[in-house]
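S.K.: The structure follows.
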Amino acid sequence: MHIRYSVFYILILILTQINTVIAQIPHPKDIFGFTPGDDYQLADYSQMLEYYKALDASTDRVKMVEIGRSVLDKPLLLLFISSEENIEKLNEYKEINKQLALGEIDRSAAEALAREGKSIVWVDGGLHATEVACAQMMTLLAHNVAAEESDEMKAIRENVILLHMPVMNPDGLDIIANWYRKNRNTPFETTRPPWLYHHYVGHDNNRDWFMCNMPESKSVNQVLYNEWYPQIVYNHHQTGPSWTRIFIPPFADPVNPNIHPGVTTGVNMIGTSMANRFAMEKMPGAVSTVIYSMWWNGGMRTVPYFHNMIGILTETSHASATPRFYDPDSIPDRIAARRGSGHPTDGTNIFYPYPWKGGESTFEQPVAYMLTATMAVLRSASDLKQQWLLNMHQMATDAVEAGSADSVKAYVLPRDQAQYDEAINLVNILRLGGVEVHRAIAPFQIGDRFFEEGSFVIPTAQAFRNYIIDLLEKQEYPDRRVNGRPDPPYDIAGWTLPMQMDVEVFRALEDPSASTEQIFDLYQYRGLGLPSSPYYRLSSESNASILAINELMSTGVDIRLEDKESPNYLVPSSTRLQSLARKYPLKIEEVAELPSHKVVKKPRVGLYKSWYASMDEGWTRWLLEEYQFDFDTLHDAQIRAGELDAYDVIVLPHQSAFRILQGHRPLMMPEPYTGGLGLDGTLALRRFVERGGRIVALDGATEYVMEQFGLPVRNALGSVSSSQFFIPGSLVKIEVDTSTFIGNGMSSEAIASFVRSRAFERVRLSRKQEGGMTQIPEPPTPDMTVIARYAEDDILQSGWALGEDRYLSGKPAVVQVPFGEGDVVLFGFRPQFRGQPRGTYKLFFNSLLETGIKDD
């Protein structure tokens with residue numbers, strides 16, 4: 001009897017301790033005053049910070065760290081959630097995971113470490129701020145994993161270390177929460193703000209995951225590919241197909257051949273686990289194999305594929321805190337899908353076997369679906385712990401062996417190239433992706449090619465070989481058509497970085513016998529001081545030169561330009577120049593006497609910003625700031641007022657002519673954000689150019705300028721159907737007239753990013769009438785300077801193109817058209833698309849700088 005009572009009291013004590021632990025762990029409602037998922041309620045980031053700090057302080061199952069800062073200087077949080085014992089040994093498990101992920105140990109050692117290690121699972125609350133349920137749900141997820149005492153959750157805490165990132169775009173979270181609260185109980189409650197929900201790039205913050213231009217991308221990539229190497233990376237989103245509840249893997253075709261099949265099948269396994277859990281919990285509406293594919297590199301869940309990680313994206317429906325109703329009698333026969341006809345909604349499709357039938361949809365539902373999907377991921381990671389760890393090691397080993405057997409033993413980035421600054425940028429892109437890179441500390445030779453000290457060597461026999469191959473080699477997207485029309489890829493088809501960045505990459509067919517040092521962090525250039533000289537000639541070939549002259553002009557240094565074809569910049573000696581020569585890899589030489597020259601002044605730039613939030617405006621604004629151009633943001637009202645004399649050049653980023661001219665229609669947004677440039681703004685821009693100003697229009701914005709200015713030029717592709725001509729997002733070759741200043745410093749051949757872009761042709765009076773040719777004098781040729789044109793042949797360089805030889809060959813790509821005393825520069829493509837095509841930056845920079853060049 002005494003023993004029975006002792007056991008009884010011990011059990012009571014254990015249960016009391018467990019209940020005490022649970023009671024101490026705060027629920028989000030304790031901080032917010034509402035439960036995440038309640039209709040009409042959104043917690044902002046300050047509330048979330050308060051909750052996560054309280055959670056971290058309440059239990060040893062949680063450890064919170066700051067991994068970086070957002071663009072607007074908000075902390076980026078990462079929480080480690082697991083058992084108390086696992087949290088105490090985080091560094092040990094981190095080291096185990098690194099050894100497995102990099103494939104530097106043999107199979108027997110890997111098996112031992114897999115038994116000892118833990119599944120590392122990254123789950124984040126997304127980065128698209130309008131997908132509002134994601135970050136709200138993450139507070140409940142953190143609470144549940146830390147506090148719940150079910151057998152399932154205990155096993156998860158034992159076998160899994162959850163890397164819980166609450167949100168990757170805290171700035172946007174506040175922008176959307178504040179807009180929603182401000183417009184609550186008005187007709188505009190469910191509208192989106194008239195500005196980007198990421199300070200620079202809006203929705204494109206999920207297009208920055210190999211370039212890492214944004215600080216959020218840099219911070220997260222450092223954790224994923226240089227520190228923790230998770231087996232599973234789960235990126236939440238909330239743009240589900242209409243009349244469904246959630247998109248889950250498997251993904252649609254095609255799959256990128258540079259992805260290990262173990263990744264593809266692992267993704268499918270996780271998707272099947274999700275689908276089964278939804279079915280067992282009577283949660284209909286989970287659909288697969290529509291819209292989203294596994295081809296494109298550059299997204300938060302796609303970059304992991306090339307690192308032997310299981311990248312998971314789900315797209316949950318109902319991206320609003322406002323409830324809505326779906327009339328069950330209006331359910332479509334098939335769900336909407338970008339490719340094909342979509343799945344039937346009658347339960348006869350294997351990838352949509354449990355259709356949702358409509359009815360009331362509340363904010364609680366997407367939160368519940370996200371939690372259920374995440375639990376399926378964590379359960380799989382727990383149940384199959386050793387399998388996930390060994391699979392990652394096997395895929396890393398496969399990559400090392402493939403690199404050893406490959407004909408290409410290494411990629412070498414030579415020191416002696418014009419864009420060495422971009423070669424360094426490419427090295428740091430690879431380093432942020434965890435790639436092993438070495439720098440030569442002495443000259444070396446491969447075959448008959450000599451390489452200087454400072455060249456970079458990237459061996460292919462390494463764990464992330466597939467990532468290297470995918471970024472450095474060309475893409476060949478499969479020719480996919482439905483009923484003769486192209487089946488467009490999800491996002492873009494080609495992105496080869498050496499092509500975009502104008503970086504020479506040498507394929508070494510033998511192991512380089514070079515003396516090198518491994519680069520363990522990001523590479524920082526450290527140059528030598530300049531020899532004494534009154535003046536220096538600064539090459540116009542590199543992007544770093546543009547940055548240098550802008551920095552110098554900002555400090556009052558006089559910059560001059562050689563008065564000749566293909567001119568370089570002339571810079572007087574200064575302490576600041578010496579500092580810049582140590583900071584940037586400038587191509588510079590001494591000049592004893594000044595040759596004939598012109599004076600360069602900083603151009604006065606205006607950047608148009610529509611109330612239709614434009615990612616291209618954001619990227620352009622970011623680029624101007626990065627390269628230290630002085631500029632003002634111009635809204636519709638400022639341009640309509642006509643006070644533009646303070647500017648030399650006005651930039652119109654890529655946007656449709658309708659959105660520029662008309663903007664938001666009346667009553668579609670709060671009144672201050674309706675309307676576009678309209679007639680008054682258009683006339684003001686015309687007067688600005690007629691009086692000697694310049695407009696630089698990018699891609700879609702060229703349509704507005706050509707139409708409203710009545711220019712003698714048009715889009716040569718405007719009437720061509722997609723079944724005849726189609727380039728969804730690929731790299732194409734252009735030929736540049738380097739005798740023009742806009743083409744100055746460029747190679748005669750370059751690569752442009754063509755994303756359903758434009759080509760130009762002159763508008764001329766036709767002599768053809770009713771099928772016959774009239775015998776009248778030749779019509780006059782409109783005045784237009786072609787700066788660059790698409791190549792005559794071998795146009796497609798990476799990606800996919802249809803009909804390019806017929807419709808694009810030889811067509812003007814960048815043109816300069818006089819208008820009054822000024823001119824218009826039209827870019828048929830985006831020279832700064834997503835901050836990637838560094839090789840065409842100079843075309844854009846020169847179109848601005850030219851307006852500041854004056855005779856001495």
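Ligands are numbered from 1 in the order shown, chains are lettered A, B, ... in the order of the structure tokens, and residues start at 1 in each chain.
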Show me, as JSON, numbers by chain, the residues that have an atom within 10 Å of Asn178 (chain A) when counting only C-alpha atoms, minus same-chain residues fewer than 4 positions from it.

M.R.: {"A": [42, 43, 44, 172, 173, 174, 182, 183, 184, 193]}

S.K.: Take the residues that were just selected and, keeping N, CA and C atoms, output them as a PDB file, in the first residue's frame.

M.R.:
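So out39.pdb came out as:
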ATOM      1  N   LEU A  42      -5.333  41.682 -36.559  1.00  0.00           N
ATOM      2  CA  LEU A  42      -3.960  41.452 -36.994  1.00  0.00           C
ATOM      3  C   LEU A  42      -3.012  41.997 -35.940  1.00  0.00           C
ATOM      4  N   ALA A  43      -2.141  41.157 -35.437  1.00  0.00           N
ATOM      5  CA  ALA A  43      -1.080  41.633 -34.554  1.00  0.00           C
ATOM      6  C   ALA A  43       0.013  42.285 -35.385  1.00  0.00           C
ATOM      7  N   ASP A  44       0.548  43.403 -34.891  1.00  0.00           N
ATOM      8  CA  ASP A  44       1.666  44.030 -35.589  1.00  0.00           C
ATOM      9  C   ASP A  44       2.983  43.491 -35.024  1.00  0.00           C
ATOM     10  N   GLY A 172       7.103  44.989 -43.787  1.00  0.00           N
ATOM     11  CA  GLY A 172       5.860  44.831 -44.539  1.00  0.00           C
ATOM     12  C   GLY A 172       4.703  44.418 -43.658  1.00  0.00           C
ATOM     13  N   LEU A 173       4.985  43.592 -42.646  1.00  0.00           N
ATOM     14  CA  LEU A 173       3.925  43.182 -41.732  1.00  0.00           C
ATOM     15  C   LEU A 173       3.254  44.412 -41.122  1.00  0.00           C
ATOM     16  N   ASP A 174       4.046  45.377 -40.684  1.00  0.00           N
ATOM     17  CA  ASP A 174       3.481  46.590 -40.081  1.00  0.00           C
ATOM     18  C   ASP A 174       2.769  47.449 -41.120  1.00  0.00           C
ATOM     19  N   LYS A 182      -6.426  51.017 -40.509  1.00  0.00           N
ATOM     20  CA  LYS A 182      -6.876  52.355 -40.923  1.00  0.00           C
ATOM     21  C   LYS A 182      -8.141  52.285 -41.768  1.00  0.00           C
ATOM     22  N   ASN A 183      -8.258  51.266 -42.600  1.00  0.00           N
ATOM     23  CA  ASN A 183      -9.381  51.171 -43.529  1.00  0.00           C
ATOM     24  C   ASN A 183     -10.465  50.203 -43.072  1.00  0.00           C
ATOM     25  N   ARG A 184     -10.331  49.683 -41.868  1.00  0.00           N
ATOM     26  CA  ARG A 184     -11.332  48.787 -41.304  1.00  0.00           C
ATOM     27  C   ARG A 184     -12.694  49.488 -41.264  1.00  0.00           C
ATOM     28  N   PRO A 193      -2.181  48.442 -49.860  1.00  0.00           N
ATOM     29  CA  PRO A 193      -1.624  49.798 -49.820  1.00  0.00           C
ATOM     30  C   PRO A 193      -1.113  50.234 -51.191  1.00  0.00           C
TER      31      PRO A 193
END

S.K.: Looking at A:Trp295, A:Tyr627, A:Phe251, A:Tyr467, which one is nearest to Leu313 (chain A), with distances taken over only C-alpha atoms?

M.R.: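 Among A:Trp295, A:Tyr627, A:Phe251, A:Tyr467, it is A:Phe251 that comes nearest to Leu313 (chain A).
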
S.K.: Skipping near chain neighbours, those fewer than 4 positions away, what residues fall within 9 Å of region 572-587 of chain A using only C-alpha atoms, listed as a PyMOL selection string?

M.R.: chain A and resi 418-421+524-530+532-542+544-545+548+551-552+555+557-560

S.K.: Apply DSSP to the backbone of this structure and, from region 224-305 of chain A, keep only the residues in helix (DSSP H, G or I); write these as a list of chain:residue names.

M.R.: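 Across region 224-305 of chain A, those assigned helix (DSSP H, G or I) are A:Leu224, A:Tyr225, A:Asn226, A:Glu227, A:Trp228, A:Pro261, A:Gly262, A:Val263, A:Thr264, A:Thr265, A:Gly266, A:Val267, A:Asn268, A:Met269, A:Ile270, A:Gly271, A:Thr272, A:Ser273, A:Met274, A:Ala275, A:Asn276, A:Arg277, A:Phe278, A:Ala279, A:Met280, A:Val303, A:Pro304, A:Tyr305.
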
S.K.: When you look at Thr139 (chain A) with a cut-off of 10 Å (counting only C-alpha atoms), what residues show up, excluding the ones that are within fewer than 2 positions of it in the same chain? I need them as a PyMOL selection string.

M.R.: chain A and resi 27-29+35-36+43+48+51-52+55+125+134-137+141-144+164+166

S.K.: Generate a file of the selected residues that holds N, CA and C atoms, formatted as a PDB file, in the first residue's frame.

M.R.:
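This is the output file result02.pdb:
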ATOM      1  N   HIS A  27       0.351  32.283 -23.850  1.00  0.00           N
ATOM      2  CA  HIS A  27      -0.376  32.109 -25.102  1.00  0.00           C
ATOM      3  C   HIS A  27      -0.396  33.454 -25.816  1.00  0.00           C
ATOM      4  N   PRO A  28      -0.377  33.468 -27.153  1.00  0.00           N
ATOM      5  CA  PRO A  28      -0.432  34.760 -27.851  1.00  0.00           C
ATOM      6  C   PRO A  28      -1.582  35.657 -27.398  1.00  0.00           C
ATOM      7  N   LYS A  29      -2.701  35.045 -27.038  1.00  0.00           N
ATOM      8  CA  LYS A  29      -3.852  35.851 -26.602  1.00  0.00           C
ATOM      9  C   LYS A  29      -3.529  36.655 -25.361  1.00  0.00           C
ATOM     10  N   THR A  35      -7.030  35.879 -30.098  1.00  0.00           N
ATOM     11  CA  THR A  35      -6.358  34.680 -30.589  1.00  0.00           C
ATOM     12  C   THR A  35      -6.016  34.864 -32.062  1.00  0.00           C
ATOM     13  N   PRO A  36      -4.778  34.614 -32.467  1.00  0.00           N
ATOM     14  CA  PRO A  36      -4.446  34.714 -33.892  1.00  0.00           C
ATOM     15  C   PRO A  36      -5.418  33.875 -34.725  1.00  0.00           C
ATOM     16  N   ALA A  43      -2.141  41.157 -35.437  1.00  0.00           N
ATOM     17  CA  ALA A  43      -1.080  41.633 -34.554  1.00  0.00           C
ATOM     18  C   ALA A  43       0.013  42.285 -35.385  1.00  0.00           C
ATOM     19  N   MET A  48       4.208  41.157 -31.694  1.00  0.00           N
ATOM     20  CA  MET A  48       4.869  39.861 -31.851  1.00  0.00           C
ATOM     21  C   MET A  48       6.202  39.826 -31.109  1.00  0.00           C
ATOM     22  N   TYR A  51       5.485  39.206 -27.587  1.00  0.00           N
ATOM     23  CA  TYR A  51       5.112  37.823 -27.308  1.00  0.00           C
ATOM     24  C   TYR A  51       6.329  36.893 -27.337  1.00  0.00           C
ATOM     25  N   TYR A  52       7.152  37.019 -28.368  1.00  0.00           N
ATOM     26  CA  TYR A  52       8.288  36.094 -28.485  1.00  0.00           C
ATOM     27  C   TYR A  52       9.303  36.305 -27.361  1.00  0.00           C
ATOM     28  N   LEU A  55       7.764  34.503 -24.464  1.00  0.00           N
ATOM     29  CA  LEU A  55       7.879  33.060 -24.669  1.00  0.00           C
ATOM     30  C   LEU A  55       9.302  32.592 -24.368  1.00  0.00           C
ATOM     31  N   GLY A 125       7.339  32.296 -41.268  1.00  0.00           N
ATOM     32  CA  GLY A 125       6.031  32.915 -41.459  1.00  0.00           C
ATOM     33  C   GLY A 125       5.941  33.729 -42.715  1.00  0.00           C
ATOM     34  N   CYS A 134       0.093  34.030 -42.309  1.00  0.00           N
ATOM     35  CA  CYS A 134       1.345  33.299 -42.051  1.00  0.00           C
ATOM     36  C   CYS A 134       1.996  33.723 -40.743  1.00  0.00           C
ATOM     37  N   ALA A 135       2.284  35.010 -40.598  1.00  0.00           N
ATOM     38  CA  ALA A 135       2.977  35.476 -39.396  1.00  0.00           C
ATOM     39  C   ALA A 135       2.094  35.348 -38.159  1.00  0.00           C
ATOM     40  N   GLN A 136       0.779  35.533 -38.322  1.00  0.00           N
ATOM     41  CA  GLN A 136      -0.122  35.372 -37.175  1.00  0.00           C
ATOM     42  C   GLN A 136      -0.084  33.927 -36.689  1.00  0.00           C
ATOM     43  N   MET A 137      -0.135  32.976 -37.632  1.00  0.00           N
ATOM     44  CA  MET A 137      -0.103  31.567 -37.284  1.00  0.00           C
ATOM     45  C   MET A 137       1.166  31.179 -36.550  1.00  0.00           C
ATOM     46  N   LEU A 141       2.054  28.452 -33.519  1.00  0.00           N
ATOM     47  CA  LEU A 141       2.949  27.327 -33.723  1.00  0.00           C
ATOM     48  C   LEU A 141       4.033  27.297 -32.638  1.00  0.00           C
ATOM     49  N   ALA A 142       4.632  28.440 -32.375  1.00  0.00           N
ATOM     50  CA  ALA A 142       5.673  28.498 -31.349  1.00  0.00           C
ATOM     51  C   ALA A 142       5.108  28.069 -30.002  1.00  0.00           C
ATOM     52  N   HIS A 143       3.934  28.576 -29.665  1.00  0.00           N
ATOM     53  CA  HIS A 143       3.311  28.198 -28.388  1.00  0.00           C
ATOM     54  C   HIS A 143       3.036  26.704 -28.339  1.00  0.00           C
ATOM     55  N   ASN A 144       2.449  26.157 -29.395  1.00  0.00           N
ATOM     56  CA  ASN A 144       2.052  24.756 -29.382  1.00  0.00           C
ATOM     57  C   ASN A 144       3.255  23.825 -29.263  1.00  0.00           C
ATOM     58  N   HIS A 164      12.510  28.343 -35.987  1.00  0.00           N
ATOM     59  CA  HIS A 164      11.228  29.040 -36.148  1.00  0.00           C
ATOM     60  C   HIS A 164      11.504  30.508 -36.427  1.00  0.00           C
ATOM     61  N   PRO A 166       9.743  33.855 -37.219  1.00  0.00           N
ATOM     62  CA  PRO A 166       8.372  34.385 -37.190  1.00  0.00           C
ATOM     63  C   PRO A 166       7.936  35.061 -38.479  1.00  0.00           C
TER      64      PRO A 166
END

S.K.: What's around Pro344 (chain A) at 12 Å? Count only C-alpha atoms, leave out sequence neighbours fewer than 3 positions away in its own chain, and write the answer as a PyMOL selection string.

M.R.: chain A and resi 243-244+285+287+290+331-337+340-341+347-356

S.K.: Emit the selected residues as a tab-separated table (two decimals), in the first residue's frame, including N, CA, C and O atoms.

M.R.:
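Done, and the output landed in part.tsv:
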chain	number	residue	atom	x	y	z
A	243	TRP	N	-11.18	28.63	-54.87
A	243	TRP	CA	-12.06	27.52	-54.55
A	243	TRP	C	-11.28	26.30	-54.03
A	243	TRP	O	-11.72	25.17	-54.15
A	244	THR	N	-10.11	26.55	-53.48
A	244	THR	CA	-9.40	25.51	-52.73
A	244	THR	C	-9.06	26.11	-51.37
A	244	THR	O	-9.27	27.31	-51.12
A	285	GLY	N	-9.98	20.40	-49.47
A	285	GLY	CA	-9.50	21.51	-50.28
A	285	GLY	C	-8.02	21.57	-50.51
A	285	GLY	O	-7.50	22.58	-51.00
A	287	VAL	N	-4.87	20.79	-52.67
A	287	VAL	CA	-4.66	20.49	-54.08
A	287	VAL	C	-3.17	20.51	-54.40
A	287	VAL	O	-2.40	21.24	-53.77
A	290	VAL	N	-0.47	22.03	-59.45
A	290	VAL	CA	-0.95	23.17	-60.24
A	290	VAL	C	-0.07	24.38	-59.95
A	290	VAL	O	0.47	24.52	-58.86
A	331	ILE	N	-19.71	26.79	-57.27
A	331	ILE	CA	-18.43	26.10	-57.38
A	331	ILE	C	-18.13	25.76	-58.84
A	331	ILE	O	-19.00	25.26	-59.56
A	332	PRO	N	-16.95	26.09	-59.34
A	332	PRO	CA	-16.64	25.81	-60.75
A	332	PRO	C	-16.42	24.32	-60.97
A	332	PRO	O	-16.17	23.56	-60.03
A	333	ASP	N	-16.48	23.91	-62.24
A	333	ASP	CA	-16.23	22.50	-62.57
A	333	ASP	C	-14.76	22.14	-62.37
A	333	ASP	O	-14.44	20.99	-62.05
A	334	ARG	N	-13.88	23.13	-62.56
A	334	ARG	CA	-12.46	22.92	-62.39
A	334	ARG	C	-11.86	24.10	-61.65
A	334	ARG	O	-12.36	25.22	-61.76
A	335	ILE	N	-10.81	23.84	-60.89
A	335	ILE	CA	-10.15	24.94	-60.21
A	335	ILE	C	-9.27	25.69	-61.19
A	335	ILE	O	-8.79	25.13	-62.17
A	336	ALA	N	-9.07	26.96	-60.93
A	336	ALA	CA	-8.23	27.77	-61.80
A	336	ALA	C	-6.78	27.35	-61.67
A	336	ALA	O	-6.30	27.04	-60.58
A	337	ALA	N	-6.08	27.33	-62.80
A	337	ALA	CA	-4.65	26.97	-62.80
A	337	ALA	C	-3.99	27.68	-63.96
A	337	ALA	O	-4.60	27.86	-65.02
A	340	GLY	N	-2.50	24.26	-68.10
A	340	GLY	CA	-3.53	23.26	-68.34
A	340	GLY	C	-4.90	23.76	-67.95
A	340	GLY	O	-5.14	24.96	-67.80
A	341	SER	N	-5.83	22.85	-67.77
A	341	SER	CA	-7.22	23.22	-67.51
A	341	SER	C	-7.58	23.12	-66.03
A	341	SER	O	-8.72	23.37	-65.65
A	347	GLY	N	-13.97	15.40	-57.12
A	347	GLY	CA	-13.31	14.36	-56.34
A	347	GLY	C	-12.74	13.22	-57.15
A	347	GLY	O	-12.32	12.21	-56.57
A	348	THR	N	-12.67	13.38	-58.47
A	348	THR	CA	-12.18	12.29	-59.32
A	348	THR	C	-10.71	12.44	-59.69
A	348	THR	O	-10.18	11.60	-60.41
A	349	ASN	N	-10.04	13.49	-59.20
A	349	ASN	CA	-8.64	13.71	-59.54
A	349	ASN	C	-7.75	13.26	-58.40
A	349	ASN	O	-8.00	13.59	-57.23
A	350	ILE	N	-6.68	12.54	-58.72
A	350	ILE	CA	-5.81	11.98	-57.69
A	350	ILE	C	-5.09	13.07	-56.90
A	350	ILE	O	-4.72	12.87	-55.74
A	351	PHE	N	-4.89	14.24	-57.50
A	351	PHE	CA	-4.22	15.33	-56.80
A	351	PHE	C	-5.21	16.36	-56.23
A	351	PHE	O	-4.80	17.40	-55.73
A	352	TYR	N	-6.50	16.07	-56.34
A	352	TYR	CA	-7.52	16.87	-55.67
A	352	TYR	C	-8.69	15.96	-55.29
A	352	TYR	O	-9.81	16.13	-55.74
A	353	PRO	N	-8.41	14.97	-54.42
A	353	PRO	CA	-9.41	13.94	-54.14
A	353	PRO	C	-10.46	14.36	-53.12
A	353	PRO	O	-11.46	13.65	-52.94
A	354	TYR	N	-10.25	15.45	-52.42
A	354	TYR	CA	-11.14	15.85	-51.33
A	354	TYR	C	-11.47	17.33	-51.50
A	354	TYR	O	-10.97	18.18	-50.79
A	355	PRO	N	-12.32	17.66	-52.48
A	355	PRO	CA	-12.57	19.06	-52.83
A	355	PRO	C	-13.31	19.82	-51.73
A	355	PRO	O	-14.08	19.25	-50.96
A	356	TRP	N	-13.04	21.09	-51.69
A	356	TRP	CA	-13.79	21.99	-50.80
A	356	TRP	C	-15.03	22.46	-51.52
A	356	TRP	O	-14.98	22.81	-52.70

S.K.: Counting only C-alpha atoms, what is within 12 Å of Thr322 (chain A), bar same-chain residues fewer than 3 positions away, as a PyMOL selection string?

M.R.: chain A and resi 37-42+132-133+180-181+183-191+318-319+325+360-366

S.K.: Go ahead and write the residues just picked, C-alpha atoms, as a PDB file, in the first residue's frame.

M.R.:
ATOM      1  CA  GLY A  37      -7.038  33.837 -36.521  1.00  0.00           C
ATOM      2  CA  ASP A  38      -9.840  35.865 -34.966  1.00  0.00           C
ATOM      3  CA  ASP A  39     -11.692  37.755 -37.686  1.00  0.00           C
ATOM      4  CA  TYR A  40     -10.673  41.393 -38.234  1.00  0.00           C
ATOM      5  CA  GLN A  41      -7.614  41.081 -35.973  1.00  0.00           C
ATOM      6  CA  LEU A  42      -3.960  41.452 -36.994  1.00  0.00           C
ATOM      7  CA  VAL A 132      -1.459  37.944 -43.517  1.00  0.00           C
ATOM      8  CA  ALA A 133      -2.240  34.589 -41.855  1.00  0.00           C
ATOM      9  CA  TYR A 180      -5.894  47.254 -42.637  1.00  0.00           C
ATOM     10  CA  ARG A 181      -6.614  48.931 -39.313  1.00  0.00           C
ATOM     11  CA  ASN A 183      -9.381  51.171 -43.529  1.00  0.00           C
ATOM     12  CA  ARG A 184     -11.332  48.787 -41.304  1.00  0.00           C
ATOM     13  CA  ASN A 185     -15.114  49.236 -41.662  1.00  0.00           C
ATOM     14  CA  THR A 186     -14.706  51.164 -44.926  1.00  0.00           C
ATOM     15  CA  PRO A 187     -15.223  49.961 -48.511  1.00  0.00           C
ATOM     16  CA  PHE A 188     -11.416  49.814 -48.769  1.00  0.00           C
ATOM     17  CA  GLU A 189     -10.959  47.301 -45.941  1.00  0.00           C
ATOM     18  CA  THR A 190      -9.635  44.560 -48.233  1.00  0.00           C
ATOM     19  CA  THR A 191      -7.555  46.754 -50.549  1.00  0.00           C
ATOM     20  CA  HIS A 318      -8.101  33.415 -47.822  1.00  0.00           C
ATOM     21  CA  ALA A 319      -5.386  36.074 -47.483  1.00  0.00           C
ATOM     22  CA  PHE A 325     -18.698  33.610 -48.243  1.00  0.00           C
ATOM     23  CA  GLU A 360     -18.316  30.440 -44.874  1.00  0.00           C
ATOM     24  CA  SER A 361     -14.599  31.217 -44.894  1.00  0.00           C
ATOM     25  CA  THR A 362     -13.159  32.839 -41.786  1.00  0.00           C
ATOM     26  CA  PHE A 363      -9.656  33.979 -40.869  1.00  0.00           C
ATOM     27  CA  GLU A 364      -9.383  31.092 -38.429  1.00  0.00           C
ATOM     28  CA  GLN A 365      -9.421  28.595 -41.318  1.00  0.00           C
ATOM     29  CA  PRO A 366      -6.140  29.529 -43.078  1.00  0.00           C
TER      30      PRO A 366
END

S.K.: List every residue of region 175-256 of chain A that DSSP, applied to the backbone of this structure, places in strand (DSSP E or B), and write the result as a PyMOL selection string.

M.R.: chain A and resi 232-237+246-247+252-255

S.K.: Write a file of the selected residues as an mmCIF file, in the first residue's frame, keeping N, CA and C atoms.

M.R.:
data_model
loop_
_atom_site.group_PDB
_atom_site.id
_atom_site.type_symbol
_atom_site.label_atom_id
_atom_site.label_comp_id
_atom_site.auth_asym_id
_atom_site.auth_seq_id
_atom_site.Cartn_x
_atom_site.Cartn_y
_atom_site.Cartn_z
ATOM 1 N N ILE A 232 14.916 20.192 -43.905
ATOM 2 C CA ILE A 232 13.638 20.639 -44.476
ATOM 3 C C ILE A 232 13.519 22.136 -44.259
ATOM 4 N N VAL A 233 13.135 22.848 -45.318
ATOM 5 C CA VAL A 233 12.894 24.288 -45.266
ATOM 6 C C VAL A 233 11.457 24.523 -45.713
ATOM 7 N N TYR A 234 10.624 24.991 -44.793
ATOM 8 C CA TYR A 234 9.198 25.181 -45.072
ATOM 9 C C TYR A 234 8.892 26.675 -45.076
ATOM 10 N N ASN A 235 8.520 27.171 -46.243
ATOM 11 C CA ASN A 235 8.243 28.587 -46.476
ATOM 12 C C ASN A 235 6.741 28.762 -46.690
ATOM 13 N N HIS A 236 6.058 29.376 -45.718
ATOM 14 C CA HIS A 236 4.604 29.557 -45.800
ATOM 15 C C HIS A 236 4.235 30.708 -46.736
ATOM 16 N N HIS A 237 3.199 30.480 -47.519
ATOM 17 C CA HIS A 237 2.608 31.532 -48.360
ATOM 18 C C HIS A 237 1.092 31.419 -48.310
ATOM 19 N N ILE A 246 -5.828 25.052 -49.822
ATOM 20 C CA ILE A 246 -4.369 25.119 -49.724
ATOM 21 C C ILE A 246 -3.746 24.346 -50.872
ATOM 22 N N PHE A 247 -2.692 24.917 -51.451
ATOM 23 C CA PHE A 247 -1.834 24.183 -52.384
ATOM 24 C C PHE A 247 -0.725 23.526 -51.583
ATOM 25 N N ALA A 252 4.018 21.087 -59.915
ATOM 26 C CA ALA A 252 3.784 20.834 -61.333
ATOM 27 C C ALA A 252 5.111 20.659 -62.065
ATOM 28 N N ASP A 253 5.081 20.052 -63.237
ATOM 29 C CA ASP A 253 6.247 19.981 -64.111
ATOM 30 C C ASP A 253 6.547 21.378 -64.659
ATOM 31 N N PRO A 254 7.805 21.614 -65.081
ATOM 32 C CA PRO A 254 8.941 20.705 -65.095
ATOM 33 C C PRO A 254 9.786 20.827 -63.826
ATOM 34 N N VAL A 255 10.656 19.861 -63.651
ATOM 35 C CA VAL A 255 11.617 19.922 -62.554
ATOM 36 C C VAL A 255 12.994 20.218 -63.136
#

S.K.: Can you tell me which residues surround Pro812 (chain A) at a distance of at most 8 Å, considering only C-alpha atoms, apart from same-chain residues fewer than 5 positions away, and format the answer as a list in words?

M.R.: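 Near neighbours after the sequence-gap exclusion: Ala759, Phe760, Glu761, Val786, Ile787, Ala788, Arg789 and Tyr790 of chain A.
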
S.K.: Pick out the closest residue to Glu821 (chain A) from this set: A:Lys768, A:Arg687, A:Lys474, A:Arg415. Count only C-alpha atoms.

M.R.: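 With only C-alpha atoms as the atom set, the closest residue is A:Arg687.
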
S.K.: Go through region 57-102 of chain A and flag each residue having an atom no more than 10 Å from region 368-389 of chain A; for those, report the closest pair of atoms plus their distance in Å to one decimal, using only C-alpha atoms, ordered by chain and rising number, as JSON lines.

M.R.:
{"residue": "A:Ile96", "atom": "CA", "partner": "A:Leu389", "partner_atom": "CA", "distance": 9.8}
{"residue": "A:Asn97", "atom": "CA", "partner": "A:Leu389", "partner_atom": "CA", "distance": 7.8}
{"residue": "A:Leu100", "atom": "CA", "partner": "A:Leu389", "partner_atom": "CA", "distance": 7.0}
{"residue": "A:Ala101", "atom": "CA", "partner": "A:Leu389", "partner_atom": "CA", "distance": 8.2}
